[in-house]
Every structure is written in structure tokens, then in C-alpha cells.
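Source file: input_1.csv; contents: CSV, C-alpha atoms and all ligand atoms.
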chain,number,residue,atom,x,y,z
T,1,MET,CA,74.2,-21.2,16.1
T,2,LYS,CA,74.2,-22.6,19.6
T,3,LEU,CA,72.6,-21.1,22.7
T,4,ARG,CA,74.7,-21.0,25.9
T,5,ALA,CA,73.0,-22.6,28.9
T,6,PRO,CA,71.1,-19.9,31.0
T,7,LYS,CA,73.1,-18.7,34.0
T,8,ASN,CA,70.7,-20.1,36.5
T,9,GLY,CA,70.1,-23.4,34.8
T,10,TYR,CA,66.9,-24.6,33.2
T,11,ASN,CA,64.6,-24.1,36.1
T,12,PHE,CA,62.9,-20.8,35.0
T,13,LYS,CA,59.1,-20.5,34.8
T,14,GLU,CA,58.8,-20.8,31.0
T,15,LYS,CA,61.0,-23.9,30.9
T,16,VAL,CA,59.1,-25.6,33.7
T,17,LYS,CA,55.9,-25.0,31.8
T,18,TYR,CA,57.5,-26.2,28.5
T,19,ARG,CA,58.6,-29.5,30.2
T,20,GLU,CA,55.1,-30.1,31.5
T,21,THR,CA,53.6,-29.4,28.1
T,22,VAL,CA,56.0,-31.8,26.4
T,23,TRP,CA,55.6,-34.7,28.8
T,24,LYS,CA,51.9,-34.2,29.3
T,25,THR,CA,51.4,-34.4,25.5
T,26,LEU,CA,53.7,-37.5,25.3
T,27,SER,CA,52.0,-39.3,28.1
T,28,LYS,CA,48.6,-38.6,26.7
T,29,ASN,CA,49.5,-40.1,23.3
T,30,VAL,CA,52.1,-42.8,24.1
T,31,LYS,CA,50.4,-46.1,25.2
T,32,ASN,CA,52.2,-47.9,28.0
T,33,ILE,CA,54.8,-45.2,28.4
T,34,GLN,CA,56.1,-47.1,31.5
T,35,ASN,CA,57.5,-49.7,29.1
T,36,LYS,CA,58.9,-47.4,26.5
T,37,LYS,CA,62.5,-46.6,25.9
T,38,ILE,CA,63.2,-42.9,26.2
T,39,LEU,CA,66.0,-40.7,25.0
T,40,MET,CA,66.5,-37.2,26.5
T,41,PHE,CA,69.1,-34.5,27.1
T,42,PRO,CA,68.5,-34.0,30.9
T,43,ALA,CA,71.5,-31.6,31.2
T,44,TYR,CA,73.3,-31.2,34.5
T,45,ASP,CA,70.3,-30.6,36.8
T,46,GLY,CA,68.2,-33.3,35.3
T,47,ASP,CA,64.9,-31.5,36.0
T,48,GLU,CA,63.4,-33.2,33.0
T,49,ILE,CA,64.0,-36.7,34.5
T,50,TYR,CA,61.6,-35.9,37.4
T,51,VAL,CA,58.9,-34.6,35.1
T,52,ALA,CA,59.2,-37.7,32.9
T,53,LEU,CA,59.0,-40.0,35.9
T,54,LYS,CA,55.9,-38.1,37.1
T,55,TYR,CA,54.2,-39.1,33.8
T,56,GLY,CA,55.1,-42.8,34.2
T,57,VAL,CA,58.5,-43.2,32.6
T,58,GLN,CA,60.7,-45.8,34.3
T,59,PRO,CA,64.4,-44.8,35.1
T,60,LYS,CA,65.7,-48.1,33.7
T,61,ASN,CA,64.2,-47.1,30.3
T,62,ILE,CA,65.8,-43.7,30.2
T,63,TYR,CA,68.8,-43.1,27.9
T,64,ALA,CA,70.5,-39.8,28.8
T,65,CYS,CA,72.7,-38.1,26.2
T,66,ASP,CA,74.9,-35.0,26.3
T,67,GLU,CA,77.6,-33.9,24.0
T,68,ASN,CA,79.4,-32.5,27.0
T,69,ALA,CA,80.9,-35.6,28.6
T,70,GLY,CA,81.7,-33.6,31.7
T,71,ILE,CA,78.0,-33.0,32.4
T,72,ILE,CA,77.2,-36.7,32.1
T,73,ALA,CA,80.2,-37.6,34.3
T,74,THR,CA,79.3,-35.2,37.2
T,75,ALA,CA,75.5,-34.7,37.1
T,76,PRO,CA,74.0,-35.2,40.5
T,77,TRP,CA,71.1,-37.3,39.2
T,78,ARG,CA,73.6,-40.1,38.3
T,79,LYS,CA,73.8,-41.1,41.9
T,80,GLU,CA,70.0,-41.0,42.4
T,81,PHE,CA,69.2,-43.0,39.3
T,82,PRO,CA,72.1,-45.4,38.6
T,83,GLU,CA,69.7,-47.3,36.2
T,84,ILE,CA,69.7,-44.5,33.7
T,85,GLN,CA,72.0,-45.4,30.8
T,86,VAL,CA,74.3,-42.6,29.7
T,87,PHE,CA,76.0,-41.4,26.6
T,88,GLY,CA,78.5,-38.6,26.9
T,89,THR,CA,78.7,-38.1,23.1
T,90,LYS,CA,77.1,-35.8,20.5
T,91,LEU,CA,73.7,-37.1,19.3
T,92,GLU,CA,75.3,-37.9,16.0
T,93,ARG,CA,77.7,-40.3,17.6
T,94,THR,CA,75.2,-41.6,20.2
T,95,ILE,CA,73.0,-42.7,17.3
T,96,GLU,CA,75.8,-44.8,15.9
T,97,ARG,CA,76.7,-46.3,19.3
T,98,MET,CA,73.0,-47.1,20.0
T,99,GLY,CA,72.7,-48.6,16.5
T,100,ASP,CA,75.7,-50.9,17.2
T,101,MET,CA,74.3,-51.9,20.6
T,102,GLY,CA,70.9,-52.7,19.0
T,103,ILE,CA,69.0,-50.2,21.1
T,104,LYS,CA,65.7,-48.9,19.7
T,105,ILE,CA,64.0,-45.8,21.1
T,106,ASP,CA,60.3,-45.3,21.3
T,107,VAL,CA,60.2,-41.7,22.6
T,108,ALA,CA,62.8,-38.9,22.4
T,109,ASN,CA,62.9,-35.3,23.5
T,110,PHE,CA,65.5,-33.5,21.4
T,111,ASP,CA,65.8,-30.4,23.5
T,112,PHE,CA,68.5,-28.7,21.3
T,113,CYS,CA,70.2,-25.4,22.1
T,114,SER,CA,70.8,-24.6,18.4
T,115,ASN,CA,68.7,-23.0,15.7
T,116,LEU,CA,67.4,-24.7,12.5
T,117,CYS,CA,70.5,-26.1,10.8
T,118,LYS,CA,71.6,-29.0,8.7
T,119,SER,CA,73.2,-30.9,11.4
T,120,VAL,CA,70.0,-30.9,13.5
T,121,LEU,CA,68.0,-32.0,10.6
T,122,ASP,CA,70.5,-34.8,9.7
T,123,ASP,CA,70.5,-36.0,13.3
T,124,LEU,CA,66.7,-36.3,13.3
T,125,ASP,CA,66.6,-38.0,10.0
T,126,ASN,CA,69.3,-40.5,11.0
T,127,PHE,CA,67.6,-41.1,14.3
T,128,VAL,CA,64.4,-42.0,12.6
T,129,SER,CA,66.0,-44.3,10.1
T,130,LYS,CA,68.5,-46.0,12.4
T,131,ILE,CA,67.2,-46.3,16.0
T,132,ALA,CA,63.6,-45.2,16.3
T,133,THR,CA,60.9,-47.8,16.6
T,134,PRO,CA,58.2,-47.9,13.9
T,135,ASP,CA,55.8,-46.0,16.2
T,136,PHE,CA,58.1,-43.2,17.3
T,137,TYR,CA,57.1,-40.1,19.3
T,138,PHE,CA,59.4,-37.1,19.6
T,139,ALA,CA,59.6,-33.6,20.8
T,140,LEU,CA,61.9,-31.1,19.2
T,141,THR,CA,63.1,-27.7,20.5
T,142,MET,CA,65.1,-25.2,18.5
T,143,LEU,CA,66.2,-21.6,19.0
T,144,LYS,CA,64.0,-19.4,16.9
T,145,GLY,CA,65.7,-17.1,14.4
T,146,ARG,CA,69.5,-16.3,14.0
T,147,GLU,CA,69.7,-18.6,10.9
T,148,PRO,CA,71.7,-17.2,8.1
T,149,ALA,CA,69.5,-14.8,6.1
T,150,VAL,CA,69.3,-16.9,3.0
T,151,GLU,CA,68.2,-20.0,4.9
T,152,ASN,CA,65.7,-18.0,6.8
T,153,MET,CA,64.2,-16.6,3.6
T,154,LEU,CA,64.0,-20.0,2.0
T,155,ALA,CA,62.4,-21.4,5.2
T,156,LYS,CA,59.8,-18.7,5.2
T,157,MET,CA,59.0,-19.3,1.6
T,158,ILE,CA,58.2,-23.0,2.4
T,159,PHE,CA,56.5,-22.9,5.7
T,160,LYS,CA,55.3,-19.6,7.1
T,161,GLU,CA,53.8,-19.2,10.6
T,162,ILE,CA,50.9,-16.8,11.0
T,163,ASN,CA,53.2,-14.1,12.4
T,164,GLY,CA,55.3,-14.3,9.2
T,165,THR,CA,58.3,-16.2,10.6
T,166,ALA,CA,59.5,-19.6,9.5
T,167,ASP,CA,57.8,-22.6,10.9
T,168,ARG,CA,60.9,-24.5,12.1
T,169,PHE,CA,59.1,-27.5,13.5
T,170,LYS,CA,57.3,-28.2,10.3
T,171,ILE,CA,60.4,-27.7,8.2
T,172,ALA,CA,62.2,-30.4,10.4
T,173,CYS,CA,59.2,-32.7,10.0
T,174,HIS,CA,59.2,-32.4,6.3
T,175,TYR,CA,63.0,-33.0,6.1
T,176,ILE,CA,62.4,-36.4,7.7
T,177,LEU,CA,59.4,-37.2,5.5
T,178,ASN,CA,61.5,-36.4,2.4
T,179,ASP,CA,64.0,-39.2,3.1
T,180,LYS,CA,64.2,-41.1,-0.1
T,181,LEU,CA,64.5,-44.4,1.6
T,182,TYR,CA,61.0,-44.2,2.9
T,183,LYS,CA,59.2,-42.4,0.0
T,184,ASP,CA,55.6,-42.4,1.2
T,185,LYS,CA,56.0,-44.9,4.0
T,186,LEU,CA,56.2,-42.4,6.8
T,187,TYR,CA,53.1,-41.0,8.4
T,188,LEU,CA,53.6,-38.0,10.6
T,189,THR,CA,51.1,-36.4,13.0
T,190,ILE,CA,51.9,-33.2,14.8
T,191,LEU,CA,50.5,-33.3,18.3
T,192,LYS,CA,51.6,-30.0,19.6
T,193,GLN,CA,53.4,-26.8,18.5
T,194,SER,CA,54.3,-23.8,20.6
T,195,GLN,CA,57.1,-21.5,21.8
T,196,TYR,CA,58.5,-20.1,25.0
T,197,ASN,CA,60.9,-17.4,26.0
T,198,SER,CA,64.4,-18.2,27.3
T,199,GLY,CA,65.7,-14.8,28.4
T,200,ASN,CA,65.6,-12.6,25.4
T,201,ARG,CA,65.4,-15.5,23.0
T,202,LYS,CA,62.5,-17.4,21.7
T,203,MET,CA,62.5,-21.2,21.6
T,204,SER,CA,60.2,-23.0,19.1
T,205,PHE,CA,59.1,-26.5,19.9
T,206,GLY,CA,56.7,-29.3,18.8
T,207,VAL,CA,55.7,-32.8,19.6
T,208,ALA,CA,54.9,-35.4,16.9
T,209,ASN,CA,54.4,-39.1,16.1
T,210,ILE,CA,55.9,-40.9,13.1
T,211,LYS,CA,54.5,-44.2,12.0
T,212,ASN,CA,57.1,-45.9,9.9
T,213,TYR,CA,55.3,-48.4,7.6
T,214,TYR,CA,58.6,-49.3,5.9
T,215,GLN,CA,60.0,-50.7,9.2
T,216,THR,CA,56.7,-52.2,10.2
T,217,GLN,CA,56.7,-54.2,7.0
T,218,LYS,CA,60.3,-55.2,7.4
T,219,GLU,CA,59.8,-56.3,11.0
T,220,TRP,CA,56.7,-58.2,10.0
T,221,TYR,CA,58.5,-59.9,7.2
T,222,HIS,CA,61.4,-61.1,9.4
T,223,LYS,CA,59.1,-62.2,12.2
T,224,ASN,CA,56.8,-64.2,9.9
T,225,LYS,CA,59.3,-65.3,7.3
T,226,GLU,CA,59.0,-69.0,8.2
T,227,LYS,CA,55.4,-69.1,9.2
T,228,ASN,CA,54.1,-67.3,6.1
T,229,LYS,CA,56.6,-68.5,3.6
T,230,GLU,CA,53.9,-69.5,1.1
T,231,LYS,CA,51.9,-66.3,1.6
T,232,ILE,CA,55.1,-64.1,1.2
T,233,LYS,CA,56.0,-66.0,-1.9
T,234,LYS,CA,52.5,-65.5,-3.4
T,235,ARG,CA,52.5,-61.8,-2.5
T,236,SER,CA,55.9,-61.1,-4.0
T,237,LYS,CA,54.9,-63.0,-7.1
T,238,GLU,CA,51.8,-60.9,-7.4
T,239,TYR,CA,53.9,-57.8,-6.8
T,240,ARG,CA,56.4,-58.7,-9.4
T,241,SER,CA,53.8,-59.5,-12.1
T,242,LYS,CA,52.0,-56.2,-11.3
T,243,ASN,CA,55.1,-54.1,-11.4
T,244,LYS,CA,56.9,-56.1,-14.1
T,245,GLU,CA,57.7,-53.1,-16.3
T,246,GLU,CA,59.0,-51.0,-13.5
T,247,ILE,CA,61.1,-53.7,-12.0
T,248,ASN,CA,62.6,-54.6,-15.4
T,249,LYS,CA,63.4,-51.0,-16.1
T,250,LYS,CA,65.1,-50.6,-12.7
T,251,GLN,CA,67.1,-53.8,-13.3
T,252,ARG,CA,68.1,-52.6,-16.7
T,253,GLU,CA,69.2,-49.3,-15.3
T,254,TYR,CA,71.1,-51.1,-12.5
T,255,VAL,CA,72.9,-53.4,-14.9
T,256,ALA,CA,73.8,-50.5,-17.2
T,257,LYS,CA,75.2,-48.6,-14.3
T,258,ASN,CA,77.1,-51.5,-12.8
T,259,ARG,CA,78.1,-53.4,-15.9
T,260,GLU,CA,81.8,-53.8,-15.1
T,261,LYS,CA,81.1,-54.9,-11.5
T,262,ILE,CA,78.5,-57.4,-12.6
T,263,ASN,CA,80.7,-58.9,-15.3
T,264,LYS,CA,83.6,-59.2,-12.9
T,265,GLN,CA,81.3,-61.0,-10.3
T,266,GLN,CA,80.0,-63.3,-13.0
T,267,ARG,CA,83.5,-64.2,-14.2
T,268,GLU,CA,84.5,-64.9,-10.6
T,269,TYR,CA,81.5,-67.0,-10.0
T,270,TRP,CA,82.0,-68.9,-13.2
T,271,GLU,CA,85.6,-69.6,-12.4
T,272,LYS,CA,84.8,-70.6,-8.8
T,273,ASN,CA,82.2,-73.1,-9.8
T,274,LYS,CA,83.9,-74.5,-12.9
T,275,GLU,CA,84.7,-77.9,-11.3
T,276,LYS,CA,81.3,-78.2,-9.7
T,277,ARG,CA,79.6,-77.5,-13.0
T,278,GLN,CA,81.7,-80.0,-14.9
T,279,LYS,CA,81.0,-82.7,-12.3
T,280,TYR,CA,77.3,-81.9,-12.5
T,281,TYR,CA,77.3,-82.1,-16.3
T,282,LYS,CA,79.1,-85.4,-16.3
T,283,LYS,CA,76.6,-86.9,-13.9
T,284,ASN,CA,73.5,-85.5,-15.7
T,285,LYS,CA,74.8,-85.5,-19.2
T,286,GLU,CA,71.9,-87.4,-20.7
T,287,GLU,CA,69.2,-85.5,-19.0
T,288,ILE,CA,70.8,-82.1,-19.8
T,289,ASN,CA,71.3,-82.9,-23.5
T,290,LYS,CA,67.7,-84.1,-23.7
T,291,LYS,CA,66.4,-80.9,-22.1
T,292,GLN,CA,68.5,-78.8,-24.4
T,293,ARG,CA,67.2,-80.6,-27.5
T,294,GLU,CA,63.6,-80.2,-26.3
T,295,TYR,CA,64.2,-76.5,-25.6
T,296,ALA,CA,65.8,-76.0,-29.0
T,297,ALA,CA,62.9,-77.8,-30.8
T,298,LYS,CA,60.4,-75.7,-28.9
T,299,ASN,CA,62.1,-72.4,-29.4
T,300,ARG,CA,63.7,-72.9,-32.8
T,301,GLU,CA,62.4,-69.7,-34.3
T,302,LYS,CA,63.5,-67.6,-31.4
T,303,ILE,CA,67.0,-69.2,-31.3
T,304,ASN,CA,67.4,-68.7,-35.1
T,305,LYS,CA,66.4,-65.1,-34.8
T,306,LEU,CA,68.9,-64.5,-32.0
T,307,LYS,CA,71.7,-66.3,-34.1
T,308,ARG,CA,70.9,-64.1,-37.1
T,309,GLU,CA,71.0,-61.0,-35.0
T,310,ARG,CA,74.3,-62.0,-33.5
T,311,ARG,CA,75.8,-62.8,-36.9
T,312,ALA,CA,74.7,-59.4,-38.2
T,313,LYS,CA,76.1,-57.7,-35.2
T,314,ASN,CA,79.5,-59.4,-35.6
T,315,LYS,CA,79.5,-58.6,-39.3
T,316,LEU,CA,79.1,-54.9,-38.5
T,317,LYS,CA,81.8,-55.2,-35.9
T,318,ASN,CA,84.3,-56.8,-38.3
T,319,LYS,CA,83.8,-54.3,-41.0
I,401,LIG,C1,68.5,-27.2,26.6
I,401,LIG,S1,69.5,-28.3,27.4
I,401,LIG,C2,68.4,-29.5,28.0
I,401,LIG,C3,67.5,-29.1,29.1
I,401,LIG,C4,66.6,-30.2,29.6
I,401,LIG,N1,66.0,-30.9,28.6
I,401,LIG,C5,65.6,-29.7,30.6
I,401,LIG,O1,64.4,-29.7,30.3
I,401,LIG,O2,66.1,-29.2,31.7
I,401,LIG,C6,70.3,-29.1,26.2
I,401,LIG,C7,71.4,-30.1,26.6
I,401,LIG,O3,71.7,-30.9,25.5
I,401,LIG,C8,73.0,-30.9,25.2
I,401,LIG,N2,73.0,-30.9,23.7
I,401,LIG,C9,72.7,-30.0,22.8
I,401,LIG,N3,72.9,-30.4,21.6
I,401,LIG,C10,73.3,-31.6,21.6
I,401,LIG,C11,73.7,-32.6,20.7
I,401,LIG,N4,73.6,-32.4,19.4
I,401,LIG,N5,74.1,-33.8,21.1
I,401,LIG,C12,74.1,-34.1,22.4
I,401,LIG,N6,73.8,-33.2,23.4
I,401,LIG,C13,73.4,-32.0,23.0
I,401,LIG,C14,73.6,-29.6,25.7
I,401,LIG,O4,74.9,-29.8,26.1
I,401,LIG,C15,72.7,-29.4,26.9
I,401,LIG,O5,73.2,-29.9,28.1
Entire entry expressed as C-alpha cells:
Amino acid sequence: MKLRAPKNGYNFKEKVKYRETVWKTLSKNVKNIQNKKILMFPAYDGDEIYVALKYGVQPKNIYACDENAGIIATAPWRKEFPEIQVFGTKLERTIERMGDMGIKIDVANFDFCSNLCKSVLDDLDNFVSKIATPDFYFALTMLKGREPAVENMLAKMIFKEINGTADRFKIACHYILNDKLYKDKLYLTILKQSQYNSGNRKMSFGVANIKNYYQTQKEWYHKNKEKNKEKIKKRSKEYRSKNKEEINKKQREYVAKNREKINKQQREYWEKNKEKRQKYYKKNKEEINKKQREYAAKNREKINKLKRERRAKNKLKNK
């Protein structure tokens, strides 16, 4: 369910206080906020832009998004801050576009008008996995209540606030944490949680930091690939020998599941490299034969056992 924008815009007392709380909390926790890339929904009036600037954010680092392209096209702050980069698309689409453009966001304020719903949770989850930096700060605001009764009951069963209602912010945080891709590689700290009134509705909000160790490791790996080739090799060897059983199990499962595909790939590869193989064999015939003889002599028992097993299998098949 979506909340319509208040008649007199977003400049009422509680909203002003909310903005202050969000940006004060962010500026207290985010180091070098003046260099950080920020995503926000500033709406038509853009009051949030001024608050963010007051706390050190630079206009050139702001990415403004609104699903209403008309707002983005006509908002008065566009003239005042031409450096602000704009996206007149739904957050879901903005994430895709930013991903394609290689933009990474350090801080975001998801000031939604809707209540706790699947699309909000999926947008957050996608944001974290696709365009957030590994040390990501975000604020999230949602309309309190008005979820379908079953969802509300389930939500309350999982995370209850002291007053008995569902803790929407915590639910959203846990949704992100449960992303299978990351397993236990995300570390989330809640920095602030509160609520405010918007007319006769209550809005719930929170501010949090997510440290993404999965991405940190990935970035480190790519940055240091050449420099630490030997170190990485040693580490992955250690990892493989430590987790041999698990890795083998996963490989077996993968092969069983994708047998047809793998066989096809192998056949294609085999065909593609036929000539190359024959040439190689011709050139290194002596050496290959010698190696094969040595291997056979060393592993005679094993080979004979395999042959016996194969023969027994074929016998059964032919019966
Ligand atoms: C509550 S207002 C933002 C107010 C602003 N943050 C402030 O402090 O004044 C929310 C704005 O975000 C837009 N919006 C809501 N959900 C969105 C979504 N999923 N994607 C993009 N824009 C969205 C709405 O059109 C609206 O203009």
C-alpha cells in the first residue's frame, strides 16, 4: 500500500525532525561523507538535499531517484544543483541502470511511501547485492501498518516491538541478511530506530550499516591478484585441502544435476580440439607413451580393479 504525498509537501514539523535525525546519524557514522556517493528520493521540493548538504554531502555525489519522472523533470532544485545526477525511474529499474553504468553507492536514504511489502524488501536486497559498496550505510522509512492481516501476524511473530506491533525495520534488515549469496558474510549494525507521525499515519524508520565481507574479499582478490598470486594460490590450496569432502560433495551434486550439459560440453570440446590433440600426440608420441607405461606400472592394481569393475558392469548390462 502506497501513501499519497501530504497536501502541503514534506515540510511539516515531524518530517523536518526526521530528516535531521537521519542525516545527523549518518554524518556521525560515515567517515568522509563529503566524498561518499549518496542515493536519495528528494521528491519535488528537495528539502532533504539541503539537510544532506548541511551535514557535508557534496551535490556532485548525489544521485536523486523518483519513480515519478515528472517530479525529476520539473523539480526546482534541478536548476540550483545541476551536478546532481537524476534517475526518473522506479528504484528497481534505477538499480539496474546504475549497475550497468558501474555506479556504486556508499549511503542511501530509502524514504519510501509504502508499507512493508515484498517489492520494498526485494529492492533493498538487490541494492545491497548489486550497487552498494562493501561498507554501506542506509536509512529506511516505511508506512507503519496496513499490511495484509496474515503478513502482519507473521511479522509480529518474528519481530515484535515493545508496543506489540511488528518491527518493520528489523524485518527488512533480516531479509537482506538472509540472502543466500552472502550466507554469514554480511554484518549489520542498527544505528537508530524510531517513528514519526505523518498526518494520521505513523512512519517507521531506521538507520543501519552493512559491512559486506563477501564483496570486500572479492575486491581484495581482484586488486591483489597479480601481486599476491603465490599467496592466493597457497590459500586456495589450503582451503581446498581443508574442505575437500565438502567441495567434492558439491562437485558430485553439480555433476549429477548437470550431467547432460556437461557431457555435451565435453563432446564439443573434444571435437573442437581433435586436430590439436592429434598434432600434439604425433609430436610427443615417445614421451606420452613412456609416461603412460610408467603410470600403468605404478598403478597396475588400481587399473586392473577398474577394468574388472567395468567388465562386471558391462556383463550385467548385456544380460
Ligand atoms: C516520502 S517522499 C521523499 C521525501 C524526501 N525524502 C524528504 O525528506 O523530503 C518519497 C518519494 O520517493 C518516491 N518513491 C517512492 N517509492 C519509490 C520507488 N520504489 N522508486 C522510486 N521512487 C520512489 C515518491 O514518488 C516520492 O516522491
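CA of Asn126 (chain T) sits 20.5 Å away from atom O5 of ligand LIG 401 (chain I).
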Report task. Name each residue within 6 Å of ligand LIG 401 (chain I), counting only C-alpha atoms and all ligand atoms, as an NGL selection string. Result -> :T and (10 or 19 or 41-43 or 46-48 or 65-68 or 90-91 or 111-113)
Each residue of region 193-237 of chain T with at least one atom at most 8 Å from region 143-154 of chain T should appear once, together with its nearest atom pair and the corresponding distance in Å (one decimal); atoms considered: only C-alpha atoms; ordering: chain, then increasing residue number; output as a tab-separated table.
residue	atom	partner	partner_atom	distance
T:Arg201	CA	T:Leu143	CA	7.3
T:Lys202	CA	T:Lys144	CA	5.4
T:Met203	CA	T:Leu143	CA	4.5
T:Ser204	CA	T:Lys144	CA	5.7
Query raised in the report: What lies within 9 Å of region 167-170 of chain T using only C-alpha atoms, ignoring chain neighbours under 6 positions off, as a PyMOL selection string?
Result: chain T and resi 115-116+140-142+144+155-156+158-161+190+193+204-207
Query - Spatial neighbours of Ile105 (chain T), 10 Å, all atoms listed in the file, chain gap at least 5 places, as JSON, numbers by chain - result: {"T": [36, 37, 38, 39, 61, 62, 63, 98, 127, 128, 130, 131, 132, 133, 134, 135, 136, 137, 138]}
Requested in this report: Just give me the gap between CA of Glu309 (chain T) and CA of Glu246 (chain T) in Å, one decimal is fine.
Outcome: 26.6 Å
